[in-house]
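target08.cif (mmCIF, C-alpha atoms and all ligand atoms) appears below.
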data_data
loop_
_atom_site.label_atom_id
_atom_site.label_comp_id
_atom_site.auth_asym_id
_atom_site.auth_seq_id
_atom_site.Cartn_x
_atom_site.Cartn_y
_atom_site.Cartn_z
CA MET A 1 75.39 89.83 109.58
CA ALA A 2 73.58 92.42 111.72
CA GLU A 3 76.96 93.67 112.87
CA ILE A 4 78.13 94.26 109.30
CA HIS A 5 74.98 96.21 108.56
CA ASN A 6 75.38 98.46 111.56
CA SER A 7 79.00 99.32 110.85
CA SER A 8 79.37 102.74 109.35
CA VAL A 9 80.55 103.63 105.86
CA THR A 10 82.35 106.94 106.16
CA MET A 11 83.25 109.33 103.35
CA LEU A 12 86.92 108.54 103.99
CA ASP A 13 88.50 106.52 106.79
CA LEU A 14 92.02 107.92 107.20
CA ALA A 15 92.78 105.50 110.06
CA ARG A 16 92.90 102.75 107.40
CA GLU A 17 95.60 104.69 105.60
CA THR A 18 97.74 105.33 108.67
CA GLU A 19 97.38 101.65 109.60
CA THR A 20 98.77 100.60 106.20
CA LEU A 21 101.61 103.12 106.24
CA TRP A 22 102.35 102.92 109.97
CA GLY A 23 105.97 101.68 109.71
CA GLU A 24 107.02 104.11 106.99
CA ILE A 25 105.33 107.11 108.61
CA ASN A 26 106.89 106.31 111.98
CA GLU A 27 110.33 106.12 110.44
CA ALA A 28 109.85 109.41 108.57
CA VAL A 29 108.57 111.29 111.62
CA GLN A 30 111.38 109.95 113.77
CA ARG A 31 113.90 111.03 111.12
CA VAL A 32 112.61 114.60 111.42
CA LEU A 33 112.52 114.51 115.22
CA ARG A 34 116.14 113.34 115.29
CA SER A 35 117.17 116.05 112.81
CA GLY A 36 115.99 118.82 115.14
CA SER A 37 114.93 120.80 112.05
CA PHE A 38 111.18 121.38 111.88
CA ILE A 39 110.30 124.26 109.56
CA LEU A 40 111.07 124.18 105.82
CA SER A 41 114.37 122.22 105.98
CA ARG A 42 115.83 119.55 103.70
CA GLU A 43 112.65 117.46 104.04
CA VAL A 44 110.63 120.27 102.46
CA ASP A 45 113.28 120.78 99.74
CA ALA A 46 113.19 117.06 98.96
CA PHE A 47 109.38 116.93 98.90
CA GLU A 48 109.27 119.96 96.61
CA GLU A 49 111.72 118.32 94.19
CA GLU A 50 109.87 115.00 94.20
CA VAL A 51 106.41 116.48 93.75
CA ALA A 52 107.63 118.88 91.03
CA ALA A 53 109.04 115.92 89.10
CA TYR A 54 105.78 114.00 89.54
CA LEU A 55 103.63 116.90 88.38
CA GLY A 56 105.94 117.83 85.50
CA VAL A 57 106.67 121.38 86.61
CA ARG A 58 109.90 123.26 87.16
CA HIS A 59 109.00 124.49 90.63
CA ALA A 60 106.89 123.38 93.59
CA VAL A 61 106.73 125.56 96.68
CA GLY A 62 105.52 124.02 99.96
CA LEU A 63 103.05 126.19 101.87
CA ASN A 64 100.73 126.12 104.84
CA SER A 65 97.45 125.49 103.01
CA GLY A 66 95.69 125.48 99.69
CA THR A 67 94.09 128.80 100.60
CA ASP A 68 97.52 130.38 101.11
CA ALA A 69 98.65 128.80 97.85
CA LEU A 70 95.81 130.59 96.03
CA VAL A 71 96.48 133.94 97.74
CA ILE A 72 100.22 133.69 97.10
CA ALA A 73 99.66 132.57 93.50
CA LEU A 74 97.50 135.65 92.86
CA ARG A 75 100.08 137.87 94.55
CA THR A 76 102.91 136.50 92.39
CA LEU A 77 100.93 137.58 89.32
CA GLY A 78 100.48 141.05 90.78
CA ILE A 79 96.71 140.69 91.11
CA GLY A 80 95.24 143.05 93.68
CA ALA A 81 92.80 145.87 94.38
CA GLY A 82 90.35 146.57 91.56
CA ASP A 83 91.40 143.67 89.35
CA GLU A 84 88.84 141.13 88.19
CA VAL A 85 89.38 137.38 88.13
CA ILE A 86 86.89 135.15 86.34
CA THR A 87 86.08 131.98 88.19
CA THR A 88 83.41 129.38 88.83
CA ALA A 89 80.33 129.98 90.98
CA PHE A 90 80.42 126.38 92.19
CA SER A 91 83.43 125.60 94.38
CA PHE A 92 84.69 125.71 97.94
CA PHE A 93 84.65 129.21 99.46
CA ALA A 94 88.46 129.54 99.48
CA THR A 95 88.50 129.84 95.67
CA ALA A 96 86.68 133.17 95.84
CA GLU A 97 87.95 134.18 99.27
CA ALA A 98 91.55 134.24 98.01
CA ILE A 99 90.61 136.69 95.26
CA SER A 100 88.48 138.89 97.52
CA ILE A 101 90.94 139.09 100.36
CA LEU A 102 93.41 140.81 98.03
CA GLY A 103 90.84 143.46 97.12
CA ALA A 104 90.32 141.95 93.69
CA HIS A 105 86.83 141.00 92.47
CA PRO A 106 85.81 137.44 91.72
CA VAL A 107 83.60 137.38 88.64
CA PHE A 108 81.44 134.29 88.73
CA VAL A 109 80.25 132.40 85.70
CA ASP A 110 78.13 129.30 85.57
CA VAL A 111 79.31 125.71 85.38
CA GLU A 112 78.70 122.72 83.13
CA GLU A 113 75.87 120.39 84.12
CA ASP A 114 77.82 117.17 83.95
CA THR A 115 81.37 118.10 85.02
CA PHE A 116 80.54 120.76 87.63
CA ASN A 117 83.46 122.79 86.21
CA ILE A 118 83.49 126.33 84.84
CA ASP A 119 81.58 126.56 81.57
CA HIS A 120 84.25 127.74 79.14
CA HIS A 121 81.61 129.09 76.74
CA ARG A 122 80.70 131.75 79.31
CA ILE A 123 84.15 133.15 80.03
CA GLU A 124 84.45 135.54 77.09
CA ALA A 125 81.28 137.44 78.00
CA ALA A 126 82.72 138.19 81.44
CA ILE A 127 85.92 139.82 80.16
CA ASN A 128 86.40 143.58 80.40
CA GLU A 129 89.32 145.99 80.75
CA ARG A 130 89.77 145.14 84.43
CA THR A 131 89.98 141.37 83.87
CA ARG A 132 93.43 140.03 84.65
CA ALA A 133 93.03 136.29 84.97
CA VAL A 134 90.88 133.18 84.78
CA LEU A 135 90.85 130.84 87.76
CA PRO A 136 89.40 127.43 86.85
CA VAL A 137 88.90 124.80 89.55
CA HIS A 138 89.37 121.12 88.72
CA LEU A 139 86.40 120.28 90.89
CA PHE A 140 86.06 116.85 92.49
CA GLY A 141 89.18 115.72 90.59
CA HIS A 142 87.78 116.37 87.10
CA PRO A 143 90.21 118.46 85.00
CA ALA A 144 88.55 121.62 83.68
CA ALA A 145 88.30 122.17 79.91
CA MET A 146 91.78 123.64 79.82
CA ALA A 147 92.33 123.82 76.06
CA ALA A 148 89.24 125.97 75.56
CA ILE A 149 90.05 128.05 78.64
CA THR A 150 93.63 128.57 77.45
CA ALA A 151 92.41 129.65 74.02
CA VAL A 152 90.18 132.37 75.52
CA ALA A 153 92.92 133.46 77.93
CA GLN A 154 95.47 133.74 75.11
CA LYS A 155 93.09 135.70 72.91
CA HIS A 156 92.51 138.28 75.65
CA ASP A 157 95.98 138.20 77.19
CA LEU A 158 94.79 136.83 80.53
CA LEU A 159 96.71 134.82 83.06
CA ILE A 160 95.58 131.39 84.27
CA ILE A 161 95.65 130.24 87.88
CA GLU A 162 94.61 126.63 88.35
CA ASP A 163 92.86 125.66 91.59
CA CYS A 164 94.06 122.07 91.88
CA ALA A 165 93.04 121.65 95.53
CA GLN A 166 90.91 118.60 94.72
CA ALA A 167 92.79 117.17 91.77
CA ILE A 168 96.38 116.23 92.50
CA GLY A 169 97.50 113.63 89.96
CA ALA A 170 94.68 114.39 87.50
CA THR A 171 95.70 114.66 83.86
CA TYR A 172 94.27 116.76 81.06
CA THR A 173 93.33 114.06 78.56
CA GLY A 174 91.51 116.19 76.01
CA ASP A 175 88.38 114.03 76.07
CA GLY A 176 86.30 116.55 78.01
CA THR A 177 83.69 119.10 77.08
CA ASP A 178 86.11 121.23 75.06
CA LEU A 179 86.60 118.45 72.54
CA GLU A 180 84.25 119.93 69.97
CA VAL A 181 85.26 123.58 70.31
CA SER A 182 87.56 125.02 67.69
CA TYR A 183 90.81 126.52 68.87
CA PRO A 184 94.39 126.19 67.71
CA ASN A 185 95.50 122.57 67.65
CA SER A 186 98.81 123.67 69.10
CA ILE A 187 97.06 124.37 72.42
CA ARG A 188 95.57 120.92 72.68
CA GLU A 189 98.84 119.31 71.72
CA ARG A 190 100.72 121.30 74.35
CA LEU A 191 98.28 120.37 77.13
CA ILE A 192 97.20 116.81 76.45
CA GLY A 193 98.78 114.27 78.75
CA LYS A 194 100.00 116.89 81.22
CA ARG A 195 99.00 116.91 84.84
CA VAL A 196 96.88 119.63 86.34
CA GLY A 197 99.12 122.16 88.01
CA SER A 198 101.31 122.34 84.93
CA LEU A 199 98.69 123.75 82.55
CA GLY A 200 98.41 127.42 83.52
CA ASP A 201 100.78 130.15 84.71
CA VAL A 202 100.62 129.12 88.33
CA ALA A 203 98.65 126.57 90.35
CA ALA A 204 97.51 126.00 93.91
CA PHE A 205 97.10 122.63 95.64
CA SER A 206 95.65 121.81 99.04
CA LEU A 207 97.37 119.07 101.03
CA TYR A 208 94.60 118.99 103.65
CA PRO A 209 94.36 115.47 105.17
CA THR A 210 91.29 114.39 103.16
CA LYS A 211 92.76 115.34 99.79
CA ASN A 212 94.01 112.64 97.37
CA LEU A 213 97.50 113.48 98.65
CA GLY A 214 97.00 114.78 102.17
CA ALA A 215 99.34 115.75 104.98
CA TYR A 216 98.49 114.87 108.58
CA GLY A 217 97.72 118.51 109.25
CA ASP A 218 97.33 121.56 107.01
CA GLY A 219 99.51 121.93 103.96
CA GLY A 220 99.53 123.45 100.50
CA LEU A 221 101.61 123.72 97.38
CA LEU A 222 102.17 126.25 94.62
CA THR A 223 103.49 125.06 91.28
CA THR A 224 104.81 126.95 88.27
CA ASP A 225 107.30 126.76 85.43
CA SER A 226 108.33 130.37 85.98
CA ASP A 227 111.54 131.02 87.94
CA ASP A 228 110.32 134.51 88.88
CA ILE A 229 106.96 133.32 90.21
CA ALA A 230 108.62 130.56 92.23
CA LYS A 231 111.16 132.99 93.67
CA MET A 232 108.47 135.43 94.73
CA ALA A 233 106.32 132.65 96.22
CA ARG A 234 109.29 131.51 98.33
CA GLN A 235 109.71 135.07 99.57
CA LEU A 236 106.02 135.57 100.25
CA ARG A 237 105.74 132.36 102.30
CA ASN A 238 108.46 133.65 104.60
CA HIS A 239 107.49 137.26 105.46
CA GLY A 240 108.76 138.61 102.15
CA GLU A 241 112.36 137.80 103.10
CA SER A 242 114.98 137.68 100.37
CA GLU A 243 117.63 136.84 102.91
CA ARG A 244 117.51 136.63 106.70
CA TYR A 245 115.89 139.81 108.10
CA HIS A 246 115.78 141.52 104.71
CA HIS A 247 112.07 141.89 103.99
CA GLN A 248 111.41 143.16 100.51
CA MET A 249 107.63 142.93 100.62
CA LEU A 250 104.78 142.23 102.99
CA GLY A 251 104.39 138.49 103.08
CA TYR A 252 102.99 135.72 105.24
CA ASN A 253 104.08 132.98 107.54
CA SER A 254 103.05 130.15 105.26
CA ARG A 255 105.83 127.62 105.51
CA LEU A 256 105.29 123.89 105.16
CA ASP A 257 106.75 122.09 108.14
CA ALA A 258 109.28 119.29 108.01
CA ILE A 259 107.12 116.60 109.65
CA GLN A 260 104.34 117.18 107.10
CA ALA A 261 106.86 117.13 104.24
CA ALA A 262 108.32 113.85 105.50
CA ILE A 263 104.82 112.31 105.70
CA LEU A 264 103.99 113.60 102.22
CA ARG A 265 107.21 112.05 100.89
CA VAL A 266 106.08 108.67 102.22
CA LYS A 267 102.68 109.08 100.60
CA LEU A 268 103.62 110.56 97.20
CA PRO A 269 104.82 107.26 95.64
CA TYR A 270 101.42 105.73 96.46
CA LEU A 271 99.38 108.52 94.85
CA GLU A 272 99.20 106.99 91.36
CA GLY A 273 97.96 103.68 92.75
CA TRP A 274 95.46 105.40 95.03
CA ASN A 275 94.09 107.47 92.16
CA ARG A 276 93.80 104.32 90.07
CA LEU A 277 91.78 102.71 92.86
CA ARG A 278 89.53 105.76 93.01
CA ARG A 279 88.92 105.44 89.25
CA GLU A 280 88.14 101.73 89.64
CA LYS A 281 85.65 102.48 92.39
CA ALA A 282 84.05 105.18 90.25
CA ALA A 283 83.70 102.67 87.40
CA ARG A 284 82.13 100.22 89.86
CA TYR A 285 79.65 102.85 91.06
CA LYS A 286 78.67 103.38 87.44
CA THR A 287 77.67 99.72 87.18
CA LEU A 288 76.12 99.50 90.63
CA LEU A 289 74.05 102.66 90.18
CA ASP A 290 72.80 101.74 86.73
CA GLY A 291 69.07 102.46 86.45
CA LEU A 292 69.04 104.77 89.47
CA GLU A 293 66.99 107.94 89.13
CA ALA A 294 70.17 110.00 89.23
CA THR A 295 72.77 111.57 86.96
CA LEU A 296 76.21 110.09 87.39
CA PRO A 297 79.36 112.20 86.96
CA ARG A 298 80.81 112.43 83.48
CA ASP A 299 84.00 110.41 83.20
CA VAL A 300 87.18 111.50 81.46
CA LEU A 301 90.39 109.49 81.38
CA GLY A 302 92.32 111.87 83.59
CA HIS A 303 89.70 112.21 86.36
CA VAL A 304 90.94 111.27 89.86
CA TYR A 305 87.59 111.22 91.68
CA HIS A 306 88.41 113.19 94.77
CA GLN A 307 84.65 113.07 95.15
CA TYR A 308 82.06 110.86 93.51
CA THR A 309 79.16 113.25 93.16
CA ILE A 310 75.84 112.29 91.68
CA ARG A 311 72.76 114.42 91.03
CA VAL A 312 69.38 113.35 92.32
CA PRO A 313 66.00 115.11 92.05
CA SER A 314 66.11 118.03 94.46
CA GLU A 315 62.77 117.18 96.09
CA ILE A 316 64.11 113.86 97.38
CA ARG A 317 67.80 114.69 98.00
CA ASP A 318 67.51 115.42 101.70
CA ALA A 319 65.23 112.46 102.37
CA LEU A 320 67.75 110.20 100.63
CA ARG A 321 70.54 111.56 102.78
CA GLY A 322 68.42 110.86 105.83
CA THR A 323 67.82 107.24 104.80
CA LEU A 324 71.51 106.69 104.08
CA ASP A 325 72.37 108.26 107.41
CA GLU A 326 69.99 105.90 109.22
CA ALA A 327 71.84 103.06 107.52
CA ASN A 328 75.10 104.50 108.88
CA ILE A 329 76.28 105.65 105.45
CA SER A 330 77.84 109.09 105.30
CA THR A 331 77.20 111.42 102.40
CA GLN A 332 77.98 115.09 101.86
CA VAL A 333 76.55 118.02 99.97
CA TYR A 334 79.37 119.78 98.16
CA TYR A 335 78.20 122.58 97.93
CA PRO A 336 74.97 123.86 99.44
CA CYS A 337 75.59 127.51 98.40
CA THR A 338 77.03 129.13 95.31
CA LEU A 339 79.96 131.49 95.72
CA ASP A 340 78.05 134.55 94.51
CA THR A 341 75.92 134.32 97.66
CA LEU A 342 78.95 134.17 99.94
CA THR A 343 81.42 136.67 98.56
CA PRO A 344 80.97 140.37 99.38
CA ASN A 345 82.89 141.95 96.50
CA GLY A 346 82.10 139.48 93.76
CA LYS A 347 79.74 139.78 90.83
CA SER A 348 78.26 137.33 88.40
CA VAL A 349 78.00 137.52 84.64
CA GLY A 350 75.16 135.68 82.97
CA SER A 351 72.79 133.35 84.69
CA LEU A 352 74.10 131.00 87.37
CA GLU A 353 71.14 128.71 86.94
CA VAL A 354 73.13 125.49 86.65
CA SER A 355 75.16 126.25 89.78
CA TRP A 356 72.03 127.10 91.77
CA LYS A 357 70.33 123.92 90.62
CA LEU A 358 73.36 121.84 91.55
CA THR A 359 73.28 123.09 95.15
CA THR A 360 69.90 121.36 95.53
CA GLU A 361 70.74 118.17 93.63
CA VAL A 362 74.32 117.12 94.38
CA LEU A 363 75.10 114.24 96.66
CA SER A 364 78.66 113.04 97.24
CA LEU A 365 79.04 109.36 98.08
CA PRO A 366 81.87 107.66 99.98
CA ILE A 367 84.92 107.11 97.78
CA SER A 368 88.51 106.47 98.73
CA PRO A 369 91.25 103.97 97.97
CA TYR A 370 90.22 102.15 101.14
CA LEU A 371 86.51 101.81 100.43
CA GLU A 372 85.74 98.08 100.60
CA THR A 373 83.71 96.30 97.93
CA ASP A 374 80.99 95.27 100.40
CA GLU A 375 80.76 98.85 101.67
CA GLN A 376 80.31 100.14 98.16
CA ASP A 377 77.65 97.49 97.51
CA ARG A 378 75.83 98.65 100.63
CA VAL A 379 75.92 102.30 99.52
CA ALA A 380 74.45 101.37 96.13
CA GLU A 381 71.81 98.98 97.47
CA THR A 382 70.69 101.49 100.10
CA LEU A 383 70.44 104.22 97.49
CA HIS A 384 68.35 102.07 95.15
CA ARG A 385 66.04 101.10 98.01
CA ALA A 386 65.84 104.65 99.35
CA ILE A 387 64.82 106.11 95.99
CA GLU A 388 62.14 103.46 95.52
CA ALA A 389 60.81 104.06 99.04
CA THR A 390 60.78 107.83 98.61
CA ARG A 391 58.92 107.50 95.34
CA MET A 392 56.34 105.17 96.90
CA HIS A 393 55.64 107.70 99.65
CA ASN A 394 55.11 110.55 97.21
C1 LIG B 1 88.55 123.93 95.49
C2 LIG B 1 89.30 124.28 96.74
N1 LIG B 1 90.09 125.37 96.74
C3 LIG B 1 90.82 125.72 97.80
C4 LIG B 1 90.78 124.98 98.97
C5 LIG B 1 91.53 125.44 100.17
O1 LIG B 1 92.49 124.50 100.62
P1 LIG B 1 92.89 124.46 102.16
O2 LIG B 1 91.78 123.87 102.94
O3 LIG B 1 94.12 123.59 102.17
O4 LIG B 1 93.21 125.85 102.58
C6 LIG B 1 89.98 123.84 99.03
C7 LIG B 1 89.91 123.04 100.26
O5 LIG B 1 89.09 122.18 100.44
C8 LIG B 1 89.22 123.48 97.88
O6 LIG B 1 88.42 122.40 97.88
#

Write the structure described by the file as structure tokens, please.
Ligand SMILES: Cc1ncc(COP(=O)(O)O)c(C=O)c1O
Amino acid sequence: MAEIHNSSVTMLDLARETETLWGEINEAVQRVLRSGSFILSREVDAFEEEVAAYLGVRHAVGLNSGTDALVIALRTLGIGAGDEVITTAFSFFATAEAISILGAHPVFVDVEEDTFNIDHHRIEAAINERTRAVLPVHLFGHPAAMAAITAVAQKHDLLIIEDCAQAIGATYTGDGTDLEVSYPNSIRERLIGKRVGSLGDVAAFSLYPTKNLGAYGDGGLLTTDSDDIAKMARQLRNHGESERYHHQMLGYNSRLDAIQAAILRVKLPYLEGWNRLRREKAARYKTLLDGLEATLPRDVLGHVYHQYTIRVPSEIRDALRGTLDEANISTQVYYPCTLDTLTPNGKSVGSLEVSWKLTTEVLSLPISPYLETDEQDRVAETLHRAIEATRMHN
């Protein structure tokens, strides 16, 4: 019993995954080693075809990282120096970094309290003559309010880049915060039931190992329905080459390698099941955490729970983390800073009050397809006890 209690509950134990997939992964890696072909290659072509079919897009382009996917996505749309891109203040740094690094300006707007995603009501006020695009992030696996965002983008002739780094497999189900807003029904009908990454003009995915579909190294993916965007992304990932040694533009070395593609091909067929397990564990947290002095994440049908992030009173958040840590339970704070404080050439429009508040209240709990029932029970019990204890001390 004591042994069980001292074992650690980590945010995600990838060794459990490799253990389960050991035979298949071994075979796939050996296939690549025997082929003698390690960069791009038929493995990458095959992965791109399979993942494009899964996501419901015409093109998927394998890249080195999600960050590169964002930079290359922006480049394919011709976004650069002086342009403005409206995005969320509450995300991982790369979201804003990709915009800034091209000399464009991220324009931050606040997020929704219960989804952590860009507040679509605030986008219109941030639009001016330099605005070229909106870049929503499907944070923690929760699809952003894409119908409302699309309506604003269409009205002002803006492009949409989806940051899907945390949301592969998530579906726009139309039951989110844009449900009550009025916009053309045709938009909702076009988007409902489609996976993120197929909703805007171009999308960027991270295939970092901890993501819902992760490589065993860095990896990224750009998706689009546009032949021109896909063609340019393929050029940009390979030094701007149109054909060998013919460089038509300044590009990058951002090629997905064959071993990662082969591993991703093994994992892709499991993704639906893994996301289902994540949803089941989120539903279980909802029951287990009932009555806790905390706000639980808003559920929508298409959410894939890359993170399970609750909000607790800011004055006790760090003490709670400490108690969980003493009980060998890992937690994380995604994110302790808003992007406006990190990005040199960004600006914000309107108050970022919700985002700022979230940095002091959010607490991400362990969630993964491999999280055991008794581990989840322990997380919940420890949290209940820790909140009671903290309250008694205050
Ligand atoms: C929202 C978001 N955007 C972009 C990225 C960048 O992806 P990568 O780490 O693969 O470069 C991440 C990575 O965590 C992310 O969470």

What residues have any atom no more than 7 Å from ligand LIG 1 (chain B) when counting all atoms listed in the file, and can you list them as a list in words? Ser65, Gly66, Thr67, Asp68, Ser91, Phe92, Ala94, Thr95, Val137, Leu139, Asp163, Cys164, Ala165, Gln166, Ser206, Leu207, Tyr208, Asp218, Gly219 and Gly220 of chain A

Between A:Val9, A:Ala151, A:Ile101, A:Leu213, single out the one closest to Thr331 (chain A), counting all atoms listed in the file.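 With all atoms listed in the file as the atom set, the closest residue is A:Val9.
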
Within 9 Å of Glu97 (chain A) using all atoms listed in the file, minus same-chain residues under 6 positions, as an mmCIF file with C-alpha atoms, keeping the file's coordinate frame:
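This went into out21.cif:
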data_model
loop_
_atom_site.group_PDB
_atom_site.id
_atom_site.type_symbol
_atom_site.label_atom_id
_atom_site.label_comp_id
_atom_site.auth_asym_id
_atom_site.auth_seq_id
_atom_site.Cartn_x
_atom_site.Cartn_y
_atom_site.Cartn_z
ATOM 1 C CA THR A 67 94.090 128.800 100.600
ATOM 2 C CA VAL A 71 96.480 133.940 97.740
ATOM 3 C CA PRO A 106 85.810 137.440 91.720
ATOM 4 C CA THR A 343 81.420 136.670 98.560
#

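Distances from A:Leu271, A:Ala261, A:Ile25, A:Ala386 to Leu221 (chain A) were compared using only C-alpha atoms, and the smallest one belongs to A:Ala261.
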
Env of Ser7 (chain A): 12 Å cut, atoms = only C-alpha atoms, seq-sep filter 6 positions within chain, self excluded. Answer as an mmCIF file with C-alpha atoms, keeping the file's coordinate frame.
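Writing the result to result.cif gives the following:
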data_model
loop_
_atom_site.group_PDB
_atom_site.id
_atom_site.type_symbol
_atom_site.label_atom_id
_atom_site.label_comp_id
_atom_site.auth_asym_id
_atom_site.auth_seq_id
_atom_site.Cartn_x
_atom_site.Cartn_y
_atom_site.Cartn_z
ATOM 1 C CA MET A 1 75.390 89.830 109.580
ATOM 2 C CA ASP A 325 72.370 108.260 107.410
ATOM 3 C CA GLU A 326 69.990 105.900 109.220
ATOM 4 C CA ALA A 327 71.840 103.060 107.520
ATOM 5 C CA ASN A 328 75.100 104.500 108.880
ATOM 6 C CA ILE A 329 76.280 105.650 105.450
ATOM 7 C CA SER A 330 77.840 109.090 105.300
ATOM 8 C CA ASP A 374 80.990 95.270 100.400
ATOM 9 C CA GLU A 375 80.760 98.850 101.670
ATOM 10 C CA ARG A 378 75.830 98.650 100.630
#

Tell me which protein, DNA and RNA residues are within 6 Å of Arg311 (chain A), counting all atoms listed in the file, leaving out same-chain ones fewer than 2 positions away, and put them as a JSON list (two decimals) with C-alpha atoms, keeping the file's coordinate frame.
[["chain", "number", "residue", "atom", "x", "y", "z"],
["A", 294, "ALA", "CA", 70.17, 110.00, 89.23],
["A", 295, "THR", "CA", 72.77, 111.57, 86.96],
["A", 361, "GLU", "CA", 70.74, 118.17, 93.63],
["A", 362, "VAL", "CA", 74.32, 117.12, 94.38]]

May I ask which of the residues A:Asn128, A:Thr323, A:Asn345, A:Gln376 is the closest one to Glu388 (chain A), counting all atoms listed in the file?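 Using all atoms listed in the file, Glu388 (chain A) sits closest to A:Thr323.
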
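If all atoms listed in the file are the atoms counted, then among A:Thr177, A:Thr341, A:Thr359, A:Thr223 the closest residue to Val196 (chain A) is A:Thr223.
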
Could you build a table of the residues in region 270-344 of chain A lying no more than 10 Å from region 112-120 of chain A, giving for each the nearest pair of atoms and their separation in Å rounded to one decimal place, using only C-alpha atoms, ordered by chain and ascending residue number, as CSV?
residue,atom,partner,partner_atom,distance
A:Thr295,CA,A:Asp114,CA,8.1
A:Leu296,CA,A:Asp114,CA,8.0
A:Pro297,CA,A:Asp114,CA,6.0
A:Arg298,CA,A:Asp114,CA,5.6
A:Asp299,CA,A:Thr115,CA,8.3
A:Val300,CA,A:Thr115,CA,9.5
A:Thr309,CA,A:Phe116,CA,9.4
A:Ile310,CA,A:Asp114,CA,9.4
A:Arg311,CA,A:Asp114,CA,9.1

Minimum-distance residue to Lys286 (chain A), chosen among A:Gly141, A:Leu358, A:Ile99, A:Asp377 (using only C-alpha atoms):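 With only C-alpha atoms as the atom set, the closest residue is A:Asp377.
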
Quick one: which region 13-86 of chain A residues come within 8 Å of region 232-243 of chain A, and what is the nearest atom pair for each with the distance in Å to one decimal, counting only C-alpha atoms, rows ordered by chain and ascending number, as a tab-separated table?
residue	atom	partner	partner_atom	distance
A:Val61	CA	A:Arg234	CA	6.7
A:Leu63	CA	A:Arg237	CA	6.7
A:Ile72	CA	A:Ala233	CA	6.3
A:Ala73	CA	A:Ala233	CA	7.2
A:Thr76	CA	A:Met232	CA	6.1

Counting only C-alpha atoms, the residue of A:Glu124, A:Asp340, A:Asp225, A:Asp318 that sits nearest Ala53 (chain A): A:Asp225
